[in-house]
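Q: What follows is run.txt, compact mmCIF, C-alpha atoms.
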# COMPACT_ATOMS: atom_id res chain seq x y z
CA MET A 1 0.00 0.00 0.00
CA LYS A 2 2.86 2.38 0.80
CA THR A 3 4.39 1.67 -2.60
CA LEU A 4 1.09 2.39 -4.34
CA HIS A 5 0.72 5.63 -2.40
CA LYS A 6 4.23 6.75 -3.35
CA THR A 7 3.62 5.87 -7.00
CA SER A 8 0.36 7.84 -7.03
CA ALA A 9 1.99 10.84 -5.34
CA ALA A 10 4.85 10.82 -7.84
CA ALA A 11 2.41 10.65 -10.76
CA ASN A 12 0.40 13.57 -9.36
CA HIS A 13 3.58 15.59 -8.87
CA GLY A 14 4.66 14.87 -12.43
CA THR A 15 1.29 15.91 -13.82
CA GLN A 16 1.34 19.08 -11.72
CA SER A 17 4.79 19.97 -13.06
CA ILE A 18 3.58 19.54 -16.65
CA GLU A 19 0.50 21.68 -15.95
CA ARG A 20 2.69 24.45 -14.51
CA ALA A 21 4.99 24.37 -17.54
CA LEU A 22 2.03 24.55 -19.90
CA ARG A 23 0.52 27.45 -17.94
CA VAL A 24 3.83 29.32 -18.22
CA LEU A 25 3.97 28.69 -21.98
CA ARG A 26 0.39 29.91 -22.48
CA GLU A 27 1.06 33.12 -20.61
CA LEU A 28 4.29 33.71 -22.52
CA ALA A 29 2.52 33.18 -25.84
CA ALA A 30 -0.21 35.63 -24.84
CA ARG A 31 2.39 38.40 -24.51
CA GLY A 32 4.84 37.32 -27.17
CA GLU A 33 5.46 40.89 -28.28
CA PHE A 34 6.28 42.27 -24.83
CA GLY A 35 7.58 39.34 -22.81
CA TRP A 36 7.40 38.84 -19.05
CA ARG A 37 9.56 39.64 -16.06
CA LEU A 38 9.99 36.66 -13.78
CA SER A 39 8.16 38.27 -10.87
CA ASP A 40 5.19 39.36 -13.02
CA LEU A 41 4.93 35.98 -14.70
CA ALA A 42 4.97 34.19 -11.35
CA ALA A 43 2.21 36.46 -10.05
CA ARG A 44 0.12 35.90 -13.19
CA CYS A 45 0.51 32.12 -12.92
CA GLU A 46 -0.10 32.21 -9.15
CA VAL A 47 3.05 30.16 -8.56
CA ASP A 48 6.04 31.13 -6.42
CA LYS A 49 9.01 32.71 -8.18
CA GLY A 50 11.40 29.85 -7.38
CA THR A 51 9.16 27.28 -9.04
CA VAL A 52 8.54 29.46 -12.10
CA HIS A 53 12.28 30.11 -12.41
CA ARG A 54 12.98 26.36 -12.42
CA VAL A 55 10.30 25.81 -15.05
CA LEU A 56 11.69 28.62 -17.20
CA SER A 57 15.25 27.34 -16.89
CA CYS A 58 14.18 23.96 -18.24
CA LEU A 59 12.15 25.52 -21.05
CA VAL A 60 15.05 27.78 -22.02
CA ARG A 61 17.37 24.77 -22.25
CA GLU A 62 14.90 23.04 -24.53
CA ARG A 63 14.41 26.23 -26.62
CA PHE A 64 10.70 26.54 -25.84
CA VAL A 65 11.51 29.84 -24.13
CA GLN A 66 14.17 32.48 -24.70
CA GLN A 67 15.38 35.30 -22.45
CA ARG A 68 16.35 38.74 -23.70
CA ALA A 69 19.72 39.77 -22.29
CA ALA A 70 18.93 43.51 -22.22
CA ASP A 71 16.11 43.37 -19.67
CA LYS A 72 15.90 39.67 -18.70
CA HIS A 73 12.35 39.39 -20.07
CA TYR A 74 11.19 35.94 -21.14
CA PHE A 75 9.64 35.28 -24.58
CA PRO A 76 8.36 32.29 -26.55
CA GLY A 77 11.24 30.29 -28.05
CA PRO A 78 11.92 28.94 -31.54
CA MET A 79 11.00 25.36 -30.65
CA LEU A 80 7.32 26.40 -30.55
CA TYR A 81 7.56 27.54 -34.17
CA GLU A 82 9.45 24.43 -35.20
CA LEU A 83 6.77 22.18 -33.70
CA SER A 84 4.02 24.16 -35.44
CA LEU A 85 5.53 23.17 -38.80
CA SER A 86 3.93 19.75 -38.30
CA LEU A 87 0.51 21.44 -38.73
CA PRO A 88 0.56 22.59 -42.37
CA GLY A 89 -3.25 22.69 -42.54
CA HIS A 90 -3.39 25.23 -39.73
CA ALA A 91 -0.77 27.38 -41.48
CA ALA A 92 -2.79 27.31 -44.70
CA PHE A 93 -5.96 28.22 -42.80
CA GLN A 94 -4.16 31.12 -41.11
CA GLN A 95 -2.97 32.48 -44.47
CA ALA A 96 -6.43 32.20 -45.98
CA CYS A 97 -7.95 34.06 -43.03
CA GLU A 98 -5.33 36.79 -43.27
CA ARG A 99 -6.39 37.40 -46.87
CA ARG A 100 -10.08 37.38 -45.95
CA MET A 101 -9.64 39.79 -43.05
CA ALA A 102 -7.38 42.13 -45.05
CA LYS A 103 -10.03 42.41 -47.78
CA PHE A 104 -12.81 42.96 -45.20
CA ALA A 105 -10.79 45.63 -43.37
CA LYS A 106 -10.16 47.48 -46.63
CA GLN A 107 -13.82 47.34 -47.62
CA THR A 108 -15.01 48.66 -44.26
CA GLU A 109 -12.07 50.98 -43.51
CA ALA A 110 -12.00 49.45 -40.04
CA ILE A 111 -10.27 46.70 -38.06
CA ALA A 112 -11.22 43.15 -39.07
CA TRP A 113 -10.05 40.33 -36.88
CA MET A 114 -10.67 36.67 -36.21
CA ILE A 115 -10.44 34.88 -32.90
CA LEU A 116 -10.30 31.17 -32.12
CA ARG A 117 -11.92 29.56 -29.12
CA SER A 118 -9.35 28.05 -26.74
CA GLY A 119 -11.22 26.44 -23.86
CA ASN A 120 -12.71 29.22 -21.72
CA GLU A 121 -10.59 31.80 -23.53
CA TYR A 122 -10.04 33.15 -27.00
CA VAL A 123 -6.81 33.72 -28.89
CA CYS A 124 -6.58 36.31 -31.64
CA ALA A 125 -5.48 34.57 -34.85
CA VAL A 126 -5.65 37.49 -37.30
CA ARG A 127 -5.90 41.27 -37.05
CA GLN A 128 -6.00 43.41 -40.20
CA GLY A 129 -6.56 47.10 -40.84
CA SER A 130 -4.73 50.34 -40.16
CA LEU A 131 -7.42 52.28 -38.29
CA GLU A 132 -6.09 53.46 -34.92
CA LEU A 133 -8.54 52.76 -32.13
CA ARG A 134 -8.16 53.71 -28.49
CA GLY A 135 -8.63 50.74 -26.20
CA LEU A 136 -8.32 47.93 -28.79
CA MET A 137 -5.34 46.14 -27.28
CA VAL A 138 -5.82 42.91 -29.20
CA HIS A 139 -3.20 41.60 -31.60
CA ALA A 140 -2.30 38.22 -33.08
CA GLY A 141 -1.55 35.92 -30.17
CA THR A 142 -3.50 37.88 -27.57
CA ARG A 143 -5.29 35.52 -25.18
CA ARG A 144 -8.19 36.68 -23.01
CA PRO A 145 -11.33 35.30 -21.29
CA LEU A 146 -14.16 34.80 -23.78
CA PHE A 147 -16.60 37.21 -22.16
CA THR A 148 -14.23 40.18 -22.54
CA SER A 149 -14.62 40.25 -26.35
CA VAL A 150 -17.58 40.78 -28.63
CA GLY A 151 -16.24 37.78 -30.58
CA GLY A 152 -16.18 35.70 -27.43
CA ILE A 153 -19.80 36.63 -26.78
CA ALA A 154 -20.72 35.49 -30.30
CA ILE A 155 -19.02 32.16 -29.57
CA LEU A 156 -20.81 31.77 -26.23
CA GLN A 157 -24.18 32.29 -27.94
CA THR A 158 -23.74 28.95 -29.77
CA LEU A 159 -22.97 26.87 -26.67
CA PRO A 160 -25.38 25.00 -24.35
CA SER A 161 -26.62 27.12 -21.45
CA LEU A 162 -24.89 25.09 -18.71
CA GLU A 163 -21.54 25.25 -20.51
CA THR A 164 -21.99 28.99 -21.01
CA GLU A 165 -22.75 29.50 -17.31
CA ASN A 166 -19.64 27.58 -16.28
CA ILE A 167 -17.46 29.57 -18.68
CA LEU A 168 -18.89 32.87 -17.45
CA THR A 169 -18.21 31.88 -13.84
CA ASP A 170 -14.60 31.12 -14.72
CA ASN A 171 -14.26 34.30 -16.80
CA VAL A 172 -15.61 36.54 -14.04
CA GLN A 173 -13.14 35.01 -11.59
CA GLN A 174 -10.30 35.66 -14.04
CA GLU A 175 -11.41 39.24 -14.61
CA ILE A 176 -11.62 40.02 -10.89
CA ALA A 177 -8.26 38.38 -10.17
CA GLN A 178 -6.49 40.25 -12.97
CA ARG A 179 -8.30 43.61 -13.17
CA GLY A 180 -10.76 43.89 -10.32
CA ASP A 181 -14.53 44.30 -10.76
CA GLY A 182 -14.52 47.72 -12.44
CA ARG A 183 -15.46 46.43 -15.91
CA LEU A 184 -18.02 43.82 -14.94
CA GLY A 185 -20.97 46.17 -15.46
CA ALA A 186 -19.78 47.16 -18.94
CA LEU A 187 -19.12 43.56 -19.94
CA ARG A 188 -22.58 42.55 -18.70
CA LYS A 189 -24.13 45.34 -20.77
CA MET A 190 -22.34 44.06 -23.88
CA ARG A 191 -23.61 40.51 -23.25
CA GLU A 192 -27.18 41.68 -22.73
CA ARG A 193 -27.13 43.88 -25.84
CA SER A 194 -25.72 41.00 -27.89
CA GLN A 195 -28.40 38.68 -26.57
CA ARG A 196 -31.11 41.08 -27.73
CA HIS A 197 -29.66 41.33 -31.23
CA GLY A 198 -28.69 37.67 -31.65
CA PHE A 199 -25.03 38.30 -32.48
CA GLY A 200 -22.06 40.06 -30.91
CA VAL A 201 -22.80 43.78 -30.54
CA ASN A 202 -20.80 46.34 -28.56
CA LEU A 203 -21.97 49.94 -29.00
CA GLY A 204 -19.37 51.69 -26.90
CA ASP A 205 -20.21 49.50 -23.91
CA VAL A 206 -16.58 48.85 -22.97
CA VAL A 207 -14.72 51.77 -24.61
CA ALA A 208 -16.68 54.93 -25.37
CA GLY A 209 -16.82 55.77 -29.06
CA VAL A 210 -15.66 52.33 -30.21
CA HIS A 211 -18.23 49.96 -31.73
CA ALA A 212 -17.58 46.27 -32.35
CA PHE A 213 -19.53 43.40 -33.85
CA ALA A 214 -19.01 39.66 -34.32
CA VAL A 215 -20.61 36.49 -35.64
CA PRO A 216 -19.56 32.90 -34.95
CA VAL A 217 -17.70 30.53 -37.23
CA CYS A 218 -19.11 27.07 -36.54
CA GLY A 219 -17.84 23.54 -36.98
CA ASP A 220 -19.96 20.70 -38.30
CA HIS A 221 -21.45 20.20 -34.81
CA GLY A 222 -22.99 23.70 -34.86
CA ARG A 223 -20.83 25.00 -32.00
CA ALA A 224 -18.61 27.98 -32.64
CA VAL A 225 -14.90 27.33 -32.99
CA ALA A 226 -14.07 30.91 -33.94
CA ALA A 227 -15.59 34.33 -34.57
CA VAL A 228 -15.20 37.01 -37.23
CA CYS A 229 -15.11 40.50 -35.72
CA LEU A 230 -15.31 44.09 -36.96
CA THR A 231 -14.31 47.11 -34.89
CA GLY A 232 -14.46 50.80 -35.75
CA LEU A 233 -15.60 54.24 -34.67
CA ALA A 234 -19.17 54.93 -33.58
CA GLU A 235 -19.75 57.28 -36.51
CA GLN A 236 -18.67 54.56 -38.95
CA PHE A 237 -21.06 51.94 -37.60
CA PRO A 238 -24.18 53.47 -36.04
CA GLU A 239 -26.85 51.27 -34.48
CA ALA A 240 -29.16 51.86 -37.46
CA GLN A 241 -26.78 49.84 -39.66
CA LEU A 242 -26.86 46.68 -37.54
CA PRO A 243 -28.70 44.54 -40.14
CA GLU A 244 -26.19 45.46 -42.87
CA ILE A 245 -23.24 44.91 -40.53
CA ARG A 246 -24.51 41.48 -39.55
CA ARG A 247 -25.01 40.42 -43.17
CA ALA A 248 -21.48 41.53 -44.08
CA LEU A 249 -19.99 39.62 -41.14
CA GLU A 250 -21.98 36.49 -41.93
CA ASP A 251 -20.80 36.57 -45.55
CA VAL A 252 -17.19 36.59 -44.35
CA ALA A 253 -17.88 33.89 -41.74
CA VAL A 254 -19.24 31.58 -44.46
CA THR A 255 -16.01 31.90 -46.45
CA VAL A 256 -13.93 31.29 -43.32
CA GLU A 257 -15.92 28.11 -42.59
CA GLN A 258 -15.22 26.95 -46.15
CA ASP A 259 -11.51 27.69 -45.74
CA ALA A 260 -11.47 25.74 -42.48
CA ARG A 261 -13.03 22.66 -44.07
CA GLU A 262 -10.64 22.77 -47.01
CA CYS A 263 -7.52 23.32 -44.89
CA LEU A 264 -8.35 21.39 -41.74
CA GLY A 265 -10.63 18.62 -42.95
CA THR A 266 -11.67 16.28 -40.14
CA VAL A 267 -10.48 18.75 -37.49
CA MET A 268 -13.67 20.71 -38.14
CA HIS A 269 -15.75 17.60 -37.41
CA ALA A 270 -14.07 17.13 -34.03
CA GLY A 271 -14.13 20.86 -33.29
CA LEU A 272 -11.18 23.15 -33.87
CA ALA A 273 -11.49 24.50 -30.32
CA ALA A 274 -10.63 21.13 -28.84
CA ASP A 275 -7.21 21.30 -30.51
CA LEU A 276 -6.28 24.78 -29.32
As a first step, turn the structure in this file into structure tokens.
A:
Amino acid sequence: MKTLHKTSAAANHGTQSIERALRVLRELAARGEFGWRLSDLAARCEVDKGTVHRVLSCLVRERFVQQRAADKHYFPGPMLYELSLSLPGHAAFQQACERRMAKFAKQTEAIAWMILRSGNEYVCAVRQGSLELRGLMVHAGTRRPLFTSVGGIAILQTLPSLETENILTDNVQQEIAQRGDGRLGALRKMRERSQRHGFGVNLGDVVAGVHAFAVPVCGDHGRAVAAVCLTGLAEQFPEAQLPEIRRALEDVAVTVEQDARECLGTVMHAGLAADL
């Protein structure tokens, strides 16, 4: 019995170590442009600095992480890119979406972006357009709780109610832990407005003067695996134009779904989100 207990404890410890390493990698990838200081990364992961330093040291040796000499910030390493080369379908899908979003951004003179569902969060896959918008701090690789984005709301609208409730509970906890409760009222207003309209709608609810809209991109099971989003100034996209905005987004979403099936094949049947 003692041997079994020791074996079980060792297995749990090993699994915990892997989970910590993966959490560190996710957080690094979410801020790939800026990097992390050790102390800030440890606080974000809710793990003591000594443990995070040991994890980072191992990941640096294996080239999953790199450290910038000038300021000691940690960044994603080249091994992550090298491993991604084994997913050529995903690369082709990414390139197709970049072309779609670039064309949409040019047509609308706004910011067109696409997010992918990643568990209870989203990750920005593509952002196109040159319009400068105050408060839109989302770029390729950005990872945030689903309920903080109009695209995330569009994704949540396709999920069963119990799953949505569980995700929202998790997202609220994340928001409070990371930013406090100051935005909860604004985020609730965006969800309620979107619910009334049947797609993602943000009419300056989070950032005054900035309007955003989104529709889901669904897999063969009918659940959203991604969302196509459009963000611009209030004067560009007044509330009166909501029907036209929705139709334009849905037209793009249809082409993205077609690209996904062509590039990813059976992944769309299983659900792209499960692989992210």
Q: Measuring between all atoms listed in the file, which one of A:Pro76, A:Glu132, A:Arg127, A:Ala69 shows the shortest distance to Gln94 of chain A?
A: A:Arg127
Q: For segment 32-96 of chain A against segment 112-125 of chain A, with a cut-off of 12 Å and counting only C-alpha atoms, what is the closest atom pair and its distance in Å to one decimal for every residue that makes the cut, ordered by chain and number, as JSON lines?
A:
{"residue": "A:His90", "atom": "CA", "partner": "A:Ala125", "partner_atom": "CA", "distance": 10.7}
{"residue": "A:Ala91", "atom": "CA", "partner": "A:Ala125", "partner_atom": "CA", "distance": 10.9}
{"residue": "A:Phe93", "atom": "CA", "partner": "A:Ala125", "partner_atom": "CA", "distance": 10.2}
{"residue": "A:Gln94", "atom": "CA", "partner": "A:Ala125", "partner_atom": "CA", "distance": 7.3}
{"residue": "A:Gln95", "atom": "CA", "partner": "A:Ala125", "partner_atom": "CA", "distance": 10.2}
{"residue": "A:Ala96", "atom": "CA", "partner": "A:Ala125", "partner_atom": "CA", "distance": 11.4}
Q: How many Å separate atom CA of Arg179 of chain A from atom CA of Arg20 of chain A?
A: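 A separation of 22.1 Å between them.
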Q: Which residue gives the smallest distance to Met137 of chain A among A:Val207, A:Leu162, A:Ile18, A:Ala102, with all atoms listed in the file counted?
A: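 For Met137 of chain A, the nearest of the candidates is A:Val207.
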Q: How many Å separate atom CA of Glu239 of chain A from atom CA of Ala212 of chain A?
A: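 The value is 10.7 Å.
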Q: Skipping near chain neighbours, those fewer than 5 positions away, what residues fall within 10 Å of Glu235 of chain A using all atoms listed in the file, listed as a ChimeraX atom specification?
A: /A:209-211
Q: Mind pulling up the distance from atom CA of Thr142 of chain A to atom CA of Glu27 of chain A?
A: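 These two atoms are separated by 9.6 Å.
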Q: Which one is closest to Ile245 of chain A: A:Thr231, A:Thr148, A:Gln157, A:Thr169? Count all atoms listed in the file.
A: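 Smallest separation from Ile245 of chain A among the options: A:Thr231.
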Q: Using all atoms listed in the file, which of the listed residues (A:Val126, A:Ile155, A:Leu203, A:Ile111) sits closest to Ala234 of chain A?
A: A:Leu203
